[in-house]
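Q: Pasting a structure below so you can have a look.
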Amino acid sequence: MFRILNVAFFIILLLTTKANSLIEIDITRGNLDPLPIAVSPLFQDNNSKNEIKIENIGSEISSVVENNLKTSGLFNPLSKEAFLQKPDIAHLKPRFEDWALINAQALITGKVTIENKKLKVEFRLWDILAGREMMALAFTTVPSNWRRVGHIISDKVYERLTGEKGYFDTRIIYVSEEGPKTARVKKLAIMDQDGFNTKYLTLGNELVLTPRFNPTSQMVTYLSYFKNLPRVYLLDIETGTQEVVGDFPGMTFAPRFSPDGKKIIMSFAKDGNSDIYTMDLENRIVERITNHPSIDTSPSYSPDNKFITFNSDRSGFQQIYVMKSDGSNVKRISFGKGLYGTPVWSPRGDLIAFTKLHKGKFYIGVMRTDGSGERLLTENYYQEAPSWSPNGRVLIFYRETKSNDKGEGFSAKLWSIDLTGYNERQVATETDASDPSWSSLLTN
């Protein structure tokens, strides 16, 4: 039996077994032995009345799922050449002994049909060890959304097998860069988290910097220079509507949204001093949060809106601090060797990501919100600007590299790494890229 749920633009039918699964994935440590999973191609029901023909759409959707699970570092999709059962038969009732023979512990099967110009996708998740169905889902949407269906299936599988929300049905906004380092053309660009469906949101006529997603919607804020003056913009990704928040001649770090999306927090220099300010987006009232003769910058809210992390040189060197959202009770939390910057609070609330410079190398790391448990995840010649996935398990950042040993040439690319530090990979972009920001789940 299926029960009906309404999510976003399609219908979801869901069934999960009440019995505990034998499959268990621990995502809190380095997963050196990823779960063997078989992703059977979704077969197409050619007997249905199809007004639209999409060749191999079932295989394409399964490829999206397979790629997502593989890049998470937690799953090992098995070679389809080893499969002993045809996709249509496996979807009705797998022969569990055949899948166990190739060492699969979980199996994904599915079917696609197109009726009345709508795409219907069914899929099932099977526990091979227990010999039972774990989940059954069906989606109905327009055919052009087939990639999103693949991402949502990936999220559902990830959540069922790890116990935590996925991050595949998301988008990443970043600054697309082209040209020599001394004359870079920079545009705002957005893409799916796997690098597909890239769209350019600005023309490159003006310098754009540090786009940041609203945690509650597909709205972004970014910094752009208009007639050589920094100006803060709001952009609605869905409608393309853009508005100017204000001109900030002394802007020292681009704004971020508050967790509820109702404010932006930023730093800019006024009367020769750099402090942190907030702006209420409804009434445009600006409030000063810090008032100190040092440089206070890079603010980021905690997900409960009660605290703010930022970096400051008030101790003599650039370090990370935490304070209450009204600016009181300021505490320094970083005490390691080197300079700390760009602190960003995890959406889970448990960690703060940061950039660290020590002995000429740049590190991306995390620490607990009291400064304990510092862990450096990756090091390189130059890298910064970490941004969290919506489930707080993966960081995306950008890295600049030299083209040769003489330091000639230059390239900037996006990279991601999970909290264990074991799954570092380059995120594909059409051009050079910097300043990434990860969206919330689109299905929220």
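So you can find residues: chains in the structure tokens are A, B, ... in the order shown, residues in each start at 1, and ligands are numbered from 1 in order.
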Can you list, as a PyMOL selection string, every protein, DNA or RNA residue that comes within 6 Å of region 93-106 of chain A when you count only C-alpha atoms, leaving out same-chain residues fewer than 3 positions away?
A: chain A and resi 36-38+90+126-129
Q: Restricting the calculation to only C-alpha atoms: of A:Val394, A:Leu377, A:Leu92, A:Met266, which residue gets closest to Thr71 (chain A)?
A: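 Among the listed residues, the smallest separation from Thr71 (chain A) belongs to A:Val394.
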Q: According to DSSP computed on the backbone, where in region 20-170 of chain A is there helix (DSSP H, G or I)? Give the residues as a PyMOL selection string.
A: chain A and resi 57-71+80-82+87-92+96-101+143-162
Q: Met191 (chain A): which residues within 9 Å, counting only C-alpha atoms, same-chain residues fewer than 3 positions away excluded, as a PyMOL selection string?
A: chain A and resi 170-174+194-200+429
Q: Suppose we keep C-alpha atoms; can you now write the selection as a CSV table (one decimal), in the first residue's frame?
A:
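result15.csv was written with the following content:
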```csv
chain,number,residue,atom,x,y,z
A,170,THR,CA,20.3,21.6,-4.1
A,171,ARG,CA,22.0,24.3,-6.1
A,172,ILE,CA,25.2,26.1,-5.8
A,173,ILE,CA,25.7,29.8,-6.7
A,174,TYR,CA,29.2,31.0,-7.3
A,194,ASP,CA,26.6,18.0,-9.4
A,195,GLY,CA,27.7,20.7,-11.9
A,196,PHE,CA,24.8,20.4,-14.4
A,197,ASN,CA,22.2,23.0,-15.6
A,198,THR,CA,24.6,26.0,-15.3
A,199,LYS,CA,22.9,29.4,-15.8
A,200,TYR,CA,24.6,32.8,-15.8
A,429,THR,CA,32.3,24.1,-13.5
```
Q: I'd like the interatomic distance between CA of Asn423 (chain A) and CA of Ser389 (chain A), to a tenth of an Å.
A: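 Computed distance, CA of Asn423 (chain A) to CA of Ser389 (chain A), equals 14.1 Å.
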Q: For CA of Val175 (chain A) and CA of Thr210 (chain A), quote the distance in Å rounded to one decimal.
A: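 Pair CA of Val175 (chain A) / CA of Thr210 (chain A) returns 7.3 Å.
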